[in-house]
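First comes the structure, then the notes that go with it.
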Amino acid sequence: MTENRALLTKLCRCTYHSLRLHGLSCQLPHCFRTNHGTQFLFCVSVCGPVVASGMGYSWQVALGANLISCTLFVILSFFELRALITSIIPDSLKHAIAVRIGLLIALVEFEYGGIVVYTPGTLLGTTTITSYIESTAGIQAGGRTGLSNIITACLLLLSLLFYPLIKMAGGSYQTPGGNYLYPVIAPSLIIIGSMMIFKLL
């Protein structure tokens, strides 16, 4: 479990620095975190064992590919080609992406709840820091400047102090089969994933 604490600290520090930098430089209230979809792709597809339909690459290769994709993203953004590419994508595909994320959340939480048994391996690195949809909640509540990001960043670092309490209340327990279940957090995230899936209806 020390690995989990180290990974959580690394993720919080990456998110803290990106929030603070964005808040000071851009003055926009967009929040950031690591891209969970990319992490899942790395763990299951890129670094996953070949016998489990993975590619079997090392985590170093996966993070190298991530560096290349991040560099391309910055170049596309700098020359304003990213906005052009985004405008070409049909709305139906944009909605399908939200549904895919909902399916991913629901699948992972079904595993955490013990309904689906799946063992993808471990997460050994972090991926791209991206803006996430929950930023709109902060904007809707009145966040208009980068000060929102700086406050969010400081509160995120402060939340690390509560890790032992969170682990005690919402931590995992190991089944006799060796799987870890998270019965406290799984139901709420299954509902969130399902709401994202049914957004199209």
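Chains: A, B, ... in order of the structure tokens. Residues: from 1 per chain. Ligands: from 1, in order shown.
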
Output as a count of residues only all residues of range 64-122 of chain A that backbone DSSP marks as helix (DSSP H, G or I). 45

Quick one: residues within 7 Å of range 181-194 of chain A, only C-alpha atoms, excluding same-chain residues fewer than 2 positions away - as a ChimeraX atom specification? /A:102-103,105-106,109-110,112-114,170-174,179,196-198

Write to file, as a compact mmCIF listing (two decimals), in the first residue's frame, the residues of the selection just made, with N, CA and C atoms.
```
# COMPACT_ATOMS: atom_id res chain seq x y z
N GLY A 102 -18.12 7.01 -19.56
CA GLY A 102 -19.08 6.46 -18.61
C GLY A 102 -18.99 4.95 -18.52
N LEU A 103 -18.83 4.28 -19.68
CA LEU A 103 -18.66 2.83 -19.69
C LEU A 103 -17.39 2.42 -18.95
N ILE A 105 -15.82 4.09 -16.53
CA ILE A 105 -16.02 4.30 -15.10
C ILE A 105 -16.88 3.17 -14.52
N ALA A 106 -17.97 2.85 -15.20
CA ALA A 106 -18.85 1.80 -14.70
C ALA A 106 -18.14 0.45 -14.66
N GLU A 109 -15.67 0.35 -11.77
CA GLU A 109 -16.36 0.30 -10.48
C GLU A 109 -17.10 -1.02 -10.27
N PHE A 110 -17.56 -1.65 -11.37
CA PHE A 110 -18.11 -3.00 -11.22
C PHE A 110 -17.03 -3.95 -10.72
N TYR A 112 -14.41 -2.95 -8.87
CA TYR A 112 -14.18 -2.56 -7.47
C TYR A 112 -15.27 -3.06 -6.55
N GLY A 113 -16.48 -3.18 -7.08
CA GLY A 113 -17.58 -3.68 -6.28
C GLY A 113 -17.64 -5.19 -6.22
N GLY A 114 -16.77 -5.87 -6.97
CA GLY A 114 -16.73 -7.32 -6.95
C GLY A 114 -17.70 -7.99 -7.89
N GLY A 170 -12.85 4.50 3.09
CA GLY A 170 -13.18 4.04 1.74
C GLY A 170 -12.14 3.14 1.14
N GLY A 171 -11.28 2.60 1.97
CA GLY A 171 -10.22 1.74 1.47
C GLY A 171 -10.72 0.40 0.98
N SER A 172 -9.79 -0.37 0.50
CA SER A 172 -10.14 -1.67 -0.07
C SER A 172 -10.00 -2.77 0.97
N TYR A 173 -10.61 -3.88 0.66
CA TYR A 173 -10.34 -5.09 1.43
C TYR A 173 -10.09 -6.22 0.44
N GLN A 174 -9.26 -7.17 0.87
CA GLN A 174 -8.87 -8.25 -0.02
C GLN A 174 -9.76 -9.46 0.18
N ASN A 179 -8.44 -10.65 -4.87
CA ASN A 179 -8.89 -9.40 -5.49
C ASN A 179 -9.15 -8.35 -4.41
N MET A 196 -23.61 8.98 -17.32
CA MET A 196 -22.90 9.41 -18.52
C MET A 196 -23.30 8.56 -19.72
N ILE A 197 -23.53 7.27 -19.49
CA ILE A 197 -23.93 6.38 -20.57
C ILE A 197 -25.32 6.77 -21.10
N PHE A 198 -26.24 7.08 -20.19
CA PHE A 198 -27.62 7.39 -20.58
C PHE A 198 -27.81 8.85 -20.97
```

Determine, counting only C-alpha atoms, which protein, DNA and RNA residues have an atom within 6 Å of an atom of range 144-152 of chain A; residues of the same chain fewer than 6 positions away are not included. Present the result as an MDAnalysis selection string. chainID A and resid 19:20 23 27:29
